[in-house]
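J.: Before we start, here is the structure in question, set down as structure tokens.
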Amino acid sequence: MTRYTNRLPPDHPDRELVGRLLGGDERAFTELVRAWYGPLMRMARNFVASEAVAEEAVQETWLEVFKGLERFEGRSSLRTWVFRILMNRARTRGEREHRSVPFSALAGTGEDRGEEPAVDPSRFGPDGHWLAFPEEWPRLSPEGLLESRELAGHVASAIDALPANLRAVVELRDRDQWSSEEVCDLLGISDANQRVLLHRARSRVRQALESRLGKGKTP
Amino acid sequence: MLGCRELTETVTDYLEGRMRLWDRLRFQFHLGLCKGCRTYLDQIRTTVKMTGRLPEAPVPPDVENALIERFRDWKRHDPAP
């Protein structure tokens with residue numbers, strides 16, 4: 001088998017992984033396929049309507065990864081590079097379907113021009129304080145709030161209902177645990193911009209959960 | 001003085017560690033005095049945690065197997081069909 005060249009600098013965090021892939025390590029590859037399948041599919045679904053097309057985009061992505069891996073220099077992380085390929089593939093597919101979200105909608109603040117308050121302003125008095133404190137969310141027992149599948153469903157729906165630019169950021173950061181640097185690198189946005197999108201997304205999801213769990217009580 | 005409304009608008013900067021020291025102190029001072037805002041911050045944190053715990057779709061076995069086959073093709077330096 002041809003010996004592939006690993007172009008990553010010695011201190012690059014992905015150097016060993018890339019080396020293993022280039023060396024044909026099937027287990028390393030399988031682990032990546034499994035770990036990134038869900039996140040890649042969800043990112044693809046920002047661009048294409050159907051699961052089947054999203055899956056094709058994911059498969060095409062991996063083929064492109066194989067083709068390009070020997071030339072990959074590690075200017076971004078391996079993961080960012082792979083996701084960038086996926087976004088290009090999914091966007092191409094989406095354009096064919098005439099159903100793609102324009103890339104700019106993921107990159108910019110999108111349709112949310114101007115102010116979007118985190119909380120309905122009518123909940124505050126003129127001095128900026130709560131008129132009624134938010135109600136503490138119940139400690140559902142025995143499983144607890146975090147374990148509640150029903151509430152997880154509400155969180156998932158709330159995220160699905162977000163515009164694509166907010167959804168992309170909150171999923172990458174809070175669901176997939178990407179760093180803000182990686183998200184900014186992938187989406188080509190500033191840290192400040194990314195934070196605005198994250199803030200709006202979290203505010204909306206919190207709001208949706210609150211609607212399920214009860215609103216405000218008198219302090 | 002930091003108001004509750006301002007807190008709800010800046011909570012992400014706070015959680016991201018992107019606040020200047022003085023603003024962070026004002027934020028924390030207000031939290032100490034205001035149960036409503038402590039609840040709000042807790043709700044945001046819970047929202048973030050729940051997002052992080054959402055289940056992930058597993059790879060369908062046929063998709064995984066197809067990809068492994070492609071990987072093996074690539075290893076063998078075979079041209080892709």
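Going through the structure tokens in order, the chains are called A, B, and so on, while each chain numbers its residues from 1 and the ligands are numbered from 1 in the order shown.
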Residues of chain A within 8 Å of chain B, counting only C-alpha atoms - could you list those as a PyMOL selection string?

T.: chain A and resi 1-2+23-24+26+29-30+33-34+37-38+59+62-63+66+117-119+121+124+127-130+132-137+146+152+155-156+171+174-177+195+198-199+202-203+205-206+209+219

J.: Going by DSSP on the backbone, which residues of chain B come out as helix (DSSP H, G or I)? List them as a ChimeraX atom specification.

T.: /B:4-15,21-33,35-52,61-75

J.: Limited to C-alpha atoms, could you put the picked residues into a file as an mmCIF file, in the first residue's frame?

T.:
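What follows is the written file out_35.cif:
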```
data_model
loop_
_atom_site.group_PDB
_atom_site.id
_atom_site.type_symbol
_atom_site.label_atom_id
_atom_site.label_comp_id
_atom_site.auth_asym_id
_atom_site.auth_seq_id
_atom_site.Cartn_x
_atom_site.Cartn_y
_atom_site.Cartn_z
ATOM 1 C CA CYS B 4 -32.887 41.975 36.080
ATOM 2 C CA ARG B 5 -33.651 42.704 32.468
ATOM 3 C CA GLU B 6 -30.011 43.590 31.792
ATOM 4 C CA LEU B 7 -28.974 40.343 33.424
ATOM 5 C CA THR B 8 -31.169 38.292 31.115
ATOM 6 C CA GLU B 9 -29.601 40.081 28.159
ATOM 7 C CA THR B 10 -26.015 39.470 29.251
ATOM 8 C CA VAL B 11 -26.278 35.975 30.697
ATOM 9 C CA THR B 12 -24.526 34.375 27.720
ATOM 10 C CA ASP B 13 -21.558 36.731 27.930
ATOM 11 C CA TYR B 14 -21.342 35.779 31.606
ATOM 12 C CA LEU B 15 -21.505 32.041 31.000
ATOM 13 C CA LEU B 21 -14.190 42.002 35.634
ATOM 14 C CA TRP B 22 -16.318 44.944 36.744
ATOM 15 C CA ASP B 23 -19.382 43.778 34.805
ATOM 16 C CA ARG B 24 -18.917 40.272 36.138
ATOM 17 C CA LEU B 25 -18.809 41.589 39.709
ATOM 18 C CA ARG B 26 -21.977 43.611 39.176
ATOM 19 C CA PHE B 27 -23.618 40.550 37.659
ATOM 20 C CA GLN B 28 -22.665 38.302 40.568
ATOM 21 C CA PHE B 29 -23.602 40.958 43.115
ATOM 22 C CA HIS B 30 -27.054 41.241 41.596
ATOM 23 C CA LEU B 31 -27.431 37.460 41.586
ATOM 24 C CA GLY B 32 -26.708 37.406 45.283
ATOM 25 C CA LEU B 33 -29.586 39.784 45.919
ATOM 26 C CA LYS B 35 -33.860 35.200 43.640
ATOM 27 C CA GLY B 36 -35.642 35.772 40.344
ATOM 28 C CA CYS B 37 -32.359 36.127 38.493
ATOM 29 C CA ARG B 38 -30.810 33.148 40.266
ATOM 30 C CA THR B 39 -33.766 31.131 39.026
ATOM 31 C CA TYR B 40 -33.355 32.525 35.519
ATOM 32 C CA LEU B 41 -29.651 31.675 35.383
ATOM 33 C CA ASP B 42 -30.448 28.203 36.680
ATOM 34 C CA GLN B 43 -33.027 27.793 33.923
ATOM 35 C CA ILE B 44 -30.529 28.782 31.256
ATOM 36 C CA ARG B 45 -27.998 26.326 32.673
ATOM 37 C CA THR B 46 -30.615 23.582 32.768
ATOM 38 C CA THR B 47 -31.586 24.356 29.181
ATOM 39 C CA VAL B 48 -27.961 24.050 28.108
ATOM 40 C CA LYS B 49 -27.544 20.773 30.022
ATOM 41 C CA MET B 50 -30.675 19.290 28.543
ATOM 42 C CA THR B 51 -29.530 20.251 25.059
ATOM 43 C CA GLY B 52 -26.260 18.466 25.735
ATOM 44 C CA PRO B 61 -25.603 -0.586 9.992
ATOM 45 C CA ASP B 62 -25.903 -0.555 6.203
ATOM 46 C CA VAL B 63 -24.583 2.998 6.057
ATOM 47 C CA GLU B 64 -21.702 2.119 8.341
ATOM 48 C CA ASN B 65 -20.838 -1.003 6.359
ATOM 49 C CA ALA B 66 -20.953 0.874 3.062
ATOM 50 C CA LEU B 67 -18.589 3.505 4.437
ATOM 51 C CA ILE B 68 -16.182 0.897 5.775
ATOM 52 C CA GLU B 69 -16.150 -0.713 2.336
ATOM 53 C CA ARG B 70 -15.252 2.632 0.788
ATOM 54 C CA PHE B 71 -12.545 3.068 3.379
ATOM 55 C CA ARG B 72 -11.125 -0.315 2.465
ATOM 56 C CA ASP B 73 -11.227 0.620 -1.228
ATOM 57 C CA TRP B 74 -9.309 3.767 -0.426
ATOM 58 C CA LYS B 75 -6.786 1.830 1.624
#
```

J.: Show which residues sit within 8 Å of segment 76-90 of chain A, as a ChimeraX atom specification. Count only C-alpha atoms, and ignore same-chain residues fewer than 5 positions away.

T.: /A:13-14,18,40,43-45,47-48,54,57-58,60-62,64-65,182,185-186

J.: Would you export the selected residues with N, CA and C atoms as a JSON list (two decimals), in the first residue's frame, please?

T.:
```json
[["chain", "number", "residue", "atom", "x", "y", "z"],
["A", 13, "PRO", "N", -3.32, 18.78, 17.41],
["A", 13, "PRO", "CA", -4.09, 17.79, 18.20],
["A", 13, "PRO", "C", -4.64, 16.63, 17.37],
["A", 14, "ASP", "N", -4.82, 16.82, 16.07],
["A", 14, "ASP", "CA", -5.38, 15.75, 15.24],
["A", 14, "ASP", "C", -4.32, 14.96, 14.51],
["A", 18, "VAL", "N", -5.18, 11.64, 12.25],
["A", 18, "VAL", "CA", -4.99, 11.68, 10.79],
["A", 18, "VAL", "C", -3.99, 10.61, 10.37],
["A", 40, "LEU", "N", -23.36, 15.28, 11.77],
["A", 40, "LEU", "CA", -23.28, 15.57, 10.33],
["A", 40, "LEU", "C", -24.67, 15.56, 9.70],
["A", 43, "MET", "N", -26.49, 18.72, 10.64],
["A", 43, "MET", "CA", -26.01, 19.87, 9.88],
["A", 43, "MET", "C", -26.52, 19.80, 8.44],
["A", 44, "ALA", "N", -26.51, 18.60, 7.87],
["A", 44, "ALA", "CA", -27.00, 18.45, 6.49],
["A", 44, "ALA", "C", -28.46, 18.86, 6.39],
["A", 45, "ARG", "N", -29.22, 18.55, 7.43],
["A", 45, "ARG", "CA", -30.64, 18.86, 7.39],
["A", 45, "ARG", "C", -30.94, 20.36, 7.44],
["A", 47, "PHE", "N", -29.74, 22.11, 5.23],
["A", 47, "PHE", "CA", -29.66, 22.44, 3.80],
["A", 47, "PHE", "C", -30.61, 21.62, 2.95],
["A", 48, "VAL", "N", -30.89, 20.39, 3.37],
["A", 48, "VAL", "CA", -31.71, 19.51, 2.54],
["A", 48, "VAL", "C", -32.92, 19.03, 3.32],
["A", 54, "ALA", "N", -29.77, 13.72, 2.95],
["A", 54, "ALA", "CA", -28.77, 14.07, 3.97],
["A", 54, "ALA", "C", -27.76, 12.93, 4.11],
["A", 57, "ALA", "N", -25.38, 12.95, 1.31],
["A", 57, "ALA", "CA", -24.40, 14.02, 1.50],
["A", 57, "ALA", "C", -23.31, 13.58, 2.47],
["A", 58, "VAL", "N", -23.71, 12.88, 3.52],
["A", 58, "VAL", "CA", -22.74, 12.40, 4.51],
["A", 58, "VAL", "C", -21.79, 11.39, 3.85],
["A", 60, "GLU", "N", -21.04, 11.09, 0.66],
["A", 60, "GLU", "CA", -20.18, 11.81, -0.28],
["A", 60, "GLU", "C", -19.08, 12.56, 0.45],
["A", 61, "THR", "N", -19.42, 13.06, 1.62],
["A", 61, "THR", "CA", -18.44, 13.79, 2.43],
["A", 61, "THR", "C", -17.26, 12.90, 2.77],
["A", 62, "TRP", "N", -17.55, 11.71, 3.24],
["A", 62, "TRP", "CA", -16.46, 10.81, 3.60],
["A", 62, "TRP", "C", -15.59, 10.47, 2.39],
["A", 64, "GLU", "N", -14.97, 12.40, -0.11],
["A", 64, "GLU", "CA", -14.12, 13.57, -0.32],
["A", 64, "GLU", "C", -13.03, 13.67, 0.73],
["A", 65, "VAL", "N", -13.36, 13.25, 1.94],
["A", 65, "VAL", "CA", -12.35, 13.24, 3.00],
["A", 65, "VAL", "C", -11.20, 12.31, 2.60],
["A", 182, "GLU", "N", -14.02, 26.77, 17.24],
["A", 182, "GLU", "CA", -14.32, 25.85, 16.14],
["A", 182, "GLU", "C", -15.58, 26.27, 15.40],
["A", 185, "ASP", "N", -14.82, 29.19, 13.26],
["A", 185, "ASP", "CA", -14.02, 28.75, 12.12],
["A", 185, "ASP", "C", -14.93, 28.11, 11.06],
["A", 186, "LEU", "N", -15.82, 27.22, 11.51],
["A", 186, "LEU", "CA", -16.69, 26.52, 10.56],
["A", 186, "LEU", "C", -17.65, 27.47, 9.85]]
```

J.: Quick check, in Å to one decimal: how far apart do atom CA of Asn165 of chain A and atom CA of Leu197 of chain A lie?

T.: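 It comes out at 7.2 Å.
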
J.: Give me the residues near Gly19 of chain A as a PyMOL selection string, where near means some atom within 9 Å (using only C-alpha atoms) and where sequence neighbours in that chain fewer than 6 positions away do not count.

T.: chain A and resi 4-6+8+25

J.: Keeping C-alpha atoms for every residue in the selection just given, could you write it to a file as a PDB file, in the first residue's frame?

T.:
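The file below, selection00.pdb, is the result:
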```pdb
ATOM      1  CA  TYR A   4       0.556   8.465   2.642  1.00  0.00           C
ATOM      2  CA  THR A   5       2.080  11.665   3.928  1.00  0.00           C
ATOM      3  CA  ASN A   6       0.738  13.245   7.095  1.00  0.00           C
ATOM      4  CA  LEU A   8      -0.056  18.012  10.085  1.00  0.00           C
ATOM      5  CA  ASP A  25      -6.860   2.113  10.737  1.00  0.00           C
TER       6      ASP A  25
END
```
